[in-house]
Amino acid sequence: FRDDEHDLLGTPDFLLLTDEGYQVADAKLALSVEKNRAILAQLGIYQRLLANSQNAAGDEQALPNPLVFLGDGEAFEVDLEIAELATQFLSDMQNLKASENKPDAHFAYSKCSACVFLDLCLDEFESTDDLTLSPAIDARTAAQLKRQHFETLSSVAQTEPEDILEAPFLRNPDKRLRIIQQAQSLKSGDVIQREAPPWPSGTFIHFDIETDPLGASGGGEVYLWGLLKPPYDEQAFDAVWKDSDDFAAWQDFLTRIEIYRDQWPDLLLVHYSPYERTLLQQYALRYQSNHDPLVNWLLAEDGPLWDLQAFIKRYFVLPVKSYGLKAICRDPRLANFQWRLPESGSQWSVVRYYDYVVALAEGRVDEAAAIRDEVLIYNEDDVRATAAVIDWLQALDN
């Protein structure tokens, strides 16, 4: 949405068509928004932009309240008191534009990577060797480091752990060491092994899911359960695709896992980030599978789920601005694994799944099949990516 009068451009994550009209919706990792003024102001701006595009009076009251999909899957409806926050935000931004002094800013990969101003800002952050280019240093940590006269990543890379004093957000000695090691890795381009990694023994089965965040009334539904099993060759990718019956797909996935466990009793389900475990827990609750022995085994603390991202962060320091899977894989200095569809990604996958559903409903069967094949290729590359990362990391020890 564009408002030329106020020089505003807004892109909500979702625009939902309801019986009451269009509704803006955004997806957040946050678990609540009641006290998050930044998110509330953002939604207030989206609501105002939508109202201006829908009616000449810009009547926000005539539209459905904005919706937020939270990190735990809850769909939260925000009331229109956010209009006051939006007004205050616009006033603050107008004052900022008129000011001759540029405000302090920091880099955050997860937010900045999707911003249209990334190239402009990143050059400036890099030219000043900004502390927050390190994934180990957020804005609050950077403020504490600056109070101790650490102004650049180079200055942090050249210091010793005992030279960084204990302070808020710097209480943990290991965090202070990690901050230094991360700066050193970024400056040198080298991988730092923090300690000998205890690679788990077992048969790796790589696991990744694709989820529709709007399914199950905002609780999220998995439309693709992807698995890569031994011998990891061209025929080793296995997948459960959901057309309409979510419960049937869940049962199909559990059946595959049971077959795998019979074949490989020592199997480890390798996933990247806690997301897969979180969704499995939600499905166990949704379909009252908590007492199923197979589900209990899957979700046990000493069960087969193994988070590769957590393992990497604990034992390695990489010269990256983000520990996301694609950042590590696509870097030619690191795993150097490339996805076959360069434009693909998690949000791309959701959009293409919706395209698939619409094409199928309208009888365009061949088009739907082609879209399904695209999403399957993307998911297969995701699970092959975790295999590539493991191969690369293990080769570092040899």
# chains A, B, ... in the order shown; residues from 1 in each chain; ligands from 1

$ closest_atom_pairs --of "range 272-388 of chain A" --to "range 210-229 of chain A" --cutoff "9 Å" --atoms "only C-alpha atoms" --output "tab-separated table"
residue	atom	partner	partner_atom	distance
A:Leu279	CA	A:Gly220	CA	8.3
A:Gln282	CA	A:Gly219	CA	8.3
A:Tyr283	CA	A:Glu221	CA	8.8
A:Ser346	CA	A:Glu210	CA	7.3
A:Ser349	CA	A:Glu210	CA	7.3
A:Val350	CA	A:Asp212	CA	6.0
A:Tyr353	CA	A:Tyr223	CA	8.1
A:Tyr354	CA	A:Asp212	CA	8.8
A:Val375	CA	A:Leu224	CA	8.7
A:Leu376	CA	A:Leu224	CA	8.1
A:Asn379	CA	A:Gly226	CA	6.3
A:Glu380	CA	A:Gly226	CA	6.9
A:Asp382	CA	A:Gly226	CA	8.7
A:Val383	CA	A:Leu228	CA	6.2
A:Arg384	CA	A:Leu228	CA	7.1
A:Ala387	CA	A:Leu228	CA	8.8

$ closest_atom_pairs --of "range 275-330 of chain A" --to "range 96-112 of chain A" --cutoff "12 Å" --atoms "only C-alpha atoms" --output "Markdown table"
| residue | atom | partner | partner_atom | distance |
| --- | --- | --- | --- | --- |
| A:Val320 | CA | A:Tyr109 | CA | 10.2 |
| A:Lys321 | CA | A:Tyr109 | CA | 6.6 |
| A:Ser322 | CA | A:Tyr109 | CA | 6.3 |
| A:Tyr323 | CA | A:Tyr109 | CA | 9.7 |
| A:Gly324 | CA | A:Ser110 | CA | 9.2 |
| A:Ala327 | CA | A:Tyr109 | CA | 10.4 |

$ residues_around --residues "Leu325 in chain A" --least-positions-apart "3" --cutoff "9 Å" --atoms "only C-alpha atoms" --output "MDAnalysis selection string"
chainID A and resid 272 309 322 328:330 382 385:386 389

$ atom_distance --atom1 "CA of Cys121 in chain A" --atom2 "CA of Ala139 in chain A"
15.6 Å

$ select_by_dssp --residues "range 33-246 of chain A" --states "alpha helix (DSSP H)" --output "PyMOL selection string"
chain A and resi 37-54+82-98+109-112+118-127+139-147+153-157+173-188+215-218+246

$ select_by_dssp --residues "range 35-152 of chain A" --states "strand (DSSP E or B)" --output "list in words"
Leu67, Val68, Phe69, Ala75, Phe76 and Glu77 of chain A

$ closest_residue --among "A:Leu305, A:Leu131, A:Leu254, A:Ile39" --to "Thr278 in chain A" --atoms "only C-alpha atoms"
A:Leu305

$ atom_distance --atom1 "CA of Trp392 in chain A" --atom2 "CA of Pro319 in chain A"
14.5 Å

$ atom_distance --atom1 "CA of Ala136 in chain A" --atom2 "CA of Tyr378 in chain A"
29.3 Å

$ closest_residue --among "A:Ala300, A:Ala83, A:Leu63, A:Leu9" --to "Leu43 in chain A" --atoms "only C-alpha atoms"
A:Ala83

$ closest_residue --among "A:Ser113, A:Ser344, A:Gln94, A:Ser53" --to "Asp381 in chain A" --atoms "only C-alpha atoms"
A:Ser344

$ closest_residue --among "A:Glu60, A:Asp3, A:Glu126, A:Glu77" --to "Thr152 in chain A" --atoms "only C-alpha atoms"
A:Glu126

$ closest_residue --among "A:Trp264, A:Gln193, A:Ala41, A:Glu258" --to "Trp297 in chain A" --atoms "only C-alpha atoms"
A:Glu258

$ residues_around --residues "range 22-36 of chain A" --least-positions-apart "2" --cutoff "10 Å" --atoms "only C-alpha atoms" --output "VMD selection string"
chain A and resid 11 to 20 38 to 44 46 to 47 49 to 51 54 63 to 78 213 to 214

$ closest_residue --among "A:Gln184, A:Gln288, A:Thr141, A:Ser91" --to "Ile164 in chain A" --atoms "only C-alpha atoms"
A:Thr141

$ residues_around --residues "Glu151 in chain A" --least-positions-apart "2" --cutoff "10 Å" --atoms "only C-alpha atoms" --output "NGL selection string"
:A and (128-131 or 142-143 or 145-149 or 153-156)
